[in-house]
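To be precise, the following lines are final.pdb, and they hold PDB, C-alpha atoms.
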```
ATOM      1  CA  MET Q   1       7.363 -14.123   3.644
ATOM      2  CA  LEU Q   2       4.956 -12.047   5.710
ATOM      3  CA  PRO Q   3       3.661 -12.915   9.164
ATOM      4  CA  PRO Q   4      -0.002 -13.939   9.503
ATOM      5  CA  ALA Q   5      -2.624 -11.193   9.180
ATOM      6  CA  ASN Q   6      -3.400  -9.314  12.365
ATOM      7  CA  ALA Q   7      -7.093  -9.243  13.326
ATOM      8  CA  ALA Q   8      -6.552  -5.904  15.088
ATOM      9  CA  PHE Q   9      -5.246  -4.302  11.885
ATOM     10  CA  THR Q  10      -7.835  -1.564  11.264
ATOM     11  CA  ASP Q  11      -8.457   1.688   9.405
ATOM     12  CA  ARG Q  12      -6.473   0.756   6.302
ATOM     13  CA  GLU Q  13      -9.109  -0.849   4.132
ATOM     14  CA  SER Q  14      -8.657   1.776   1.399
ATOM     15  CA  LEU Q  15      -4.841   1.848   1.436
ATOM     16  CA  PRO Q  16      -4.234  -1.168  -0.857
ATOM     17  CA  GLU Q  17      -6.679   0.334  -3.365
ATOM     18  CA  GLN Q  18      -4.892   3.690  -3.220
ATOM     19  CA  ILE Q  19      -1.526   1.989  -3.773
ATOM     20  CA  ALA Q  20      -2.917   0.037  -6.742
ATOM     21  CA  GLN Q  21      -4.274   3.241  -8.307
ATOM     22  CA  VAL Q  22      -0.841   4.870  -8.140
ATOM     23  CA  LEU Q  23       0.867   1.793  -9.574
ATOM     24  CA  ASP Q  24      -1.731   1.407 -12.360
ATOM     25  CA  GLY Q  25      -0.750   4.853 -13.595
ATOM     26  CA  ALA Q  26      -4.042   6.057 -15.083
ATOM     27  CA  ASP Q  27      -3.345   9.591 -13.801
ATOM     28  CA  ARG Q  28       0.368   9.530 -14.644
ATOM     29  CA  PRO Q  29       1.834  10.981 -17.867
ATOM     30  CA  ALA Q  30       3.506   8.497 -20.189
ATOM     31  CA  GLY Q  31       7.113   7.761 -19.269
ATOM     32  CA  VAL Q  32       6.809   8.872 -15.653
ATOM     33  CA  PRO Q  33       7.557   6.020 -13.222
ATOM     34  CA  ALA Q  34       5.183   5.133 -10.395
ATOM     35  CA  VAL Q  35       6.638   5.594  -6.929
ATOM     36  CA  VAL Q  36       4.999   4.567  -3.664
ATOM     37  CA  VAL Q  37       6.830   5.064  -0.366
ATOM     38  CA  LEU Q  38       5.513   3.493   2.821
ATOM     39  CA  VAL Q  39       7.227   4.660   6.002
ATOM     40  CA  GLY Q  40       6.832   3.724   9.624
ATOM     41  CA  PRO Q  41       8.315   1.598  12.370
ATOM     42  CA  GLY Q  42       8.814  -2.110  11.885
ATOM     43  CA  GLY Q  43       5.835  -4.365  12.474
ATOM     44  CA  ILE Q  44       3.010  -1.962  11.626
ATOM     45  CA  GLY Q  45       1.998  -3.622   8.348
ATOM     46  CA  LYS Q  46       3.782  -1.745   5.562
ATOM     47  CA  GLY Q  47       4.620  -4.982   3.753
ATOM     48  CA  ALA Q  48       1.133  -6.371   4.290
ATOM     49  CA  ASP Q  49      -0.369  -3.200   2.799
ATOM     50  CA  LEU Q  50       1.854  -3.477  -0.253
ATOM     51  CA  ALA Q  51       1.191  -7.212  -0.667
ATOM     52  CA  ALA Q  52      -2.562  -6.551  -0.601
ATOM     53  CA  ALA Q  53      -2.313  -3.925  -3.357
TER      54      ALA Q  53
END
```
How does this structure look as structure tokens?
Amino acid sequence: MLPPANAAFTDRESLPEQIAQVLDGADRPAGVPAVVVLVGPGGIGKGADLAAA
């Protein structure tokens, strides 16, 4: 379960779309797995970004 959305969460509007593009695999050769790695300190919204993708 994720905490409520933060109203001050800015400058990441395109990130969920970018994650979805990688996971959709249109640019990936057949048989190659999709890998997305989000790094950063706790509480900055990595899980929220992934959930929005």
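Proximity of Q:Gly31, Q:Gly40, Q:Gly45, Q:Leu50 to Gln18 (chain Q), computed with only C-alpha atoms, is greatest for Q:Leu50.
Counting from CA of Ala52 (chain Q), the distance to CA of Glu13 (chain Q) is 9.9 Å.
The space separating CA of Gly25 (chain Q) from CA of Leu38 (chain Q) comes to 17.6 Å.
Note that CA of Lys46 (chain Q) and CA of Val32 (chain Q) are 23.9 Å apart.
Residues matched by the PyMOL selection byres ((chain Q and resi 34) around 9) in this file are Val22, Leu23, Asp24, Gly25, Arg28, Val32, Pro33, Val35 and Val36 of chain Q.
Among the candidate residues Q:Val37, Q:Ala30, Q:Gly42, Q:Asp49, the one lying nearest to Pro16 (chain Q) is Q:Asp49, with distances computed using only C-alpha atoms.
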Could region 24-44 of chain Q be completed with N, CA, C and O atoms and returned as a tab-separated table (two decimals), in the frame of the given file?
```tsv
chain	number	residue	atom	x	y	z
Q	24	ASP	N	-1.07	1.60	-11.06
Q	24	ASP	CA	-1.73	1.41	-12.36
Q	24	ASP	C	-1.40	2.54	-13.32
Q	24	ASP	O	-1.36	2.33	-14.53
Q	25	GLY	N	-1.22	3.74	-12.79
Q	25	GLY	CA	-0.75	4.85	-13.60
Q	25	GLY	C	-1.75	5.55	-14.48
Q	25	GLY	O	-1.37	6.25	-15.40
Q	26	ALA	N	-3.04	5.41	-14.24
Q	26	ALA	CA	-4.04	6.06	-15.08
Q	26	ALA	C	-3.90	7.58	-15.06
Q	26	ALA	O	-4.17	8.25	-16.05
Q	27	ASP	N	-3.48	8.14	-13.93
Q	27	ASP	CA	-3.34	9.59	-13.80
Q	27	ASP	C	-1.92	10.08	-14.05
Q	27	ASP	O	-1.63	11.26	-13.84
Q	28	ARG	N	-1.05	9.20	-14.49
Q	28	ARG	CA	0.37	9.53	-14.64
Q	28	ARG	C	0.69	9.73	-16.12
Q	28	ARG	O	0.30	8.92	-16.96
Q	29	PRO	N	1.42	10.79	-16.47
Q	29	PRO	CA	1.83	10.98	-17.87
Q	29	PRO	C	2.72	9.82	-18.34
Q	29	PRO	O	3.43	9.20	-17.55
Q	30	ALA	N	2.69	9.57	-19.61
Q	30	ALA	CA	3.51	8.50	-20.19
Q	30	ALA	C	4.98	8.74	-19.90
Q	30	ALA	O	5.47	9.87	-19.97
Q	31	GLY	N	5.68	7.68	-19.53
Q	31	GLY	CA	7.11	7.76	-19.27
Q	31	GLY	C	7.49	8.15	-17.86
Q	31	GLY	O	8.67	8.14	-17.52
Q	32	VAL	N	6.52	8.49	-17.04
Q	32	VAL	CA	6.81	8.87	-15.65
Q	32	VAL	C	6.64	7.63	-14.78
Q	32	VAL	O	5.57	7.01	-14.78
Q	33	PRO	N	7.66	7.24	-14.03
Q	33	PRO	CA	7.56	6.02	-13.22
Q	33	PRO	C	6.62	6.21	-12.02
Q	33	PRO	O	6.45	7.31	-11.51
Q	34	ALA	N	6.02	5.12	-11.60
Q	34	ALA	CA	5.18	5.13	-10.40
Q	34	ALA	C	6.08	4.92	-9.18
Q	34	ALA	O	6.95	4.05	-9.19
Q	35	VAL	N	5.86	5.72	-8.16
Q	35	VAL	CA	6.64	5.59	-6.93
Q	35	VAL	C	5.68	5.63	-5.75
Q	35	VAL	O	4.85	6.52	-5.64
Q	36	VAL	N	5.78	4.62	-4.90
Q	36	VAL	CA	5.00	4.57	-3.66
Q	36	VAL	C	5.99	4.34	-2.53
Q	36	VAL	O	6.80	3.42	-2.59
Q	37	VAL	N	5.94	5.18	-1.51
Q	37	VAL	CA	6.83	5.06	-0.37
Q	37	VAL	C	5.98	4.87	0.88
Q	37	VAL	O	5.12	5.68	1.18
Q	38	LEU	N	6.20	3.77	1.56
Q	38	LEU	CA	5.51	3.49	2.82
Q	38	LEU	C	6.54	3.61	3.94
Q	38	LEU	O	7.56	2.92	3.91
Q	39	VAL	N	6.28	4.46	4.91
Q	39	VAL	CA	7.23	4.66	6.00
Q	39	VAL	C	6.55	4.38	7.34
Q	39	VAL	O	5.34	4.53	7.48
Q	40	GLY	N	7.33	3.97	8.28
Q	40	GLY	CA	6.83	3.72	9.62
Q	40	GLY	C	7.71	2.71	10.32
Q	40	GLY	O	8.55	2.05	9.70
Q	41	PRO	N	7.51	2.56	11.62
Q	41	PRO	CA	8.32	1.60	12.37
Q	41	PRO	C	8.02	0.16	11.94
Q	41	PRO	O	6.97	-0.14	11.38
Q	42	GLY	N	8.98	-0.70	12.22
Q	42	GLY	CA	8.81	-2.11	11.88
Q	42	GLY	C	7.62	-2.73	12.60
Q	42	GLY	O	7.33	-2.41	13.73
Q	43	GLY	N	6.92	-3.60	11.88
Q	43	GLY	CA	5.84	-4.36	12.47
Q	43	GLY	C	4.46	-3.73	12.41
Q	43	GLY	O	3.52	-4.24	12.99
Q	44	ILE	N	4.32	-2.60	11.66
Q	44	ILE	CA	3.01	-1.96	11.63
Q	44	ILE	C	2.21	-2.33	10.39
Q	44	ILE	O	1.08	-1.87	10.23
```
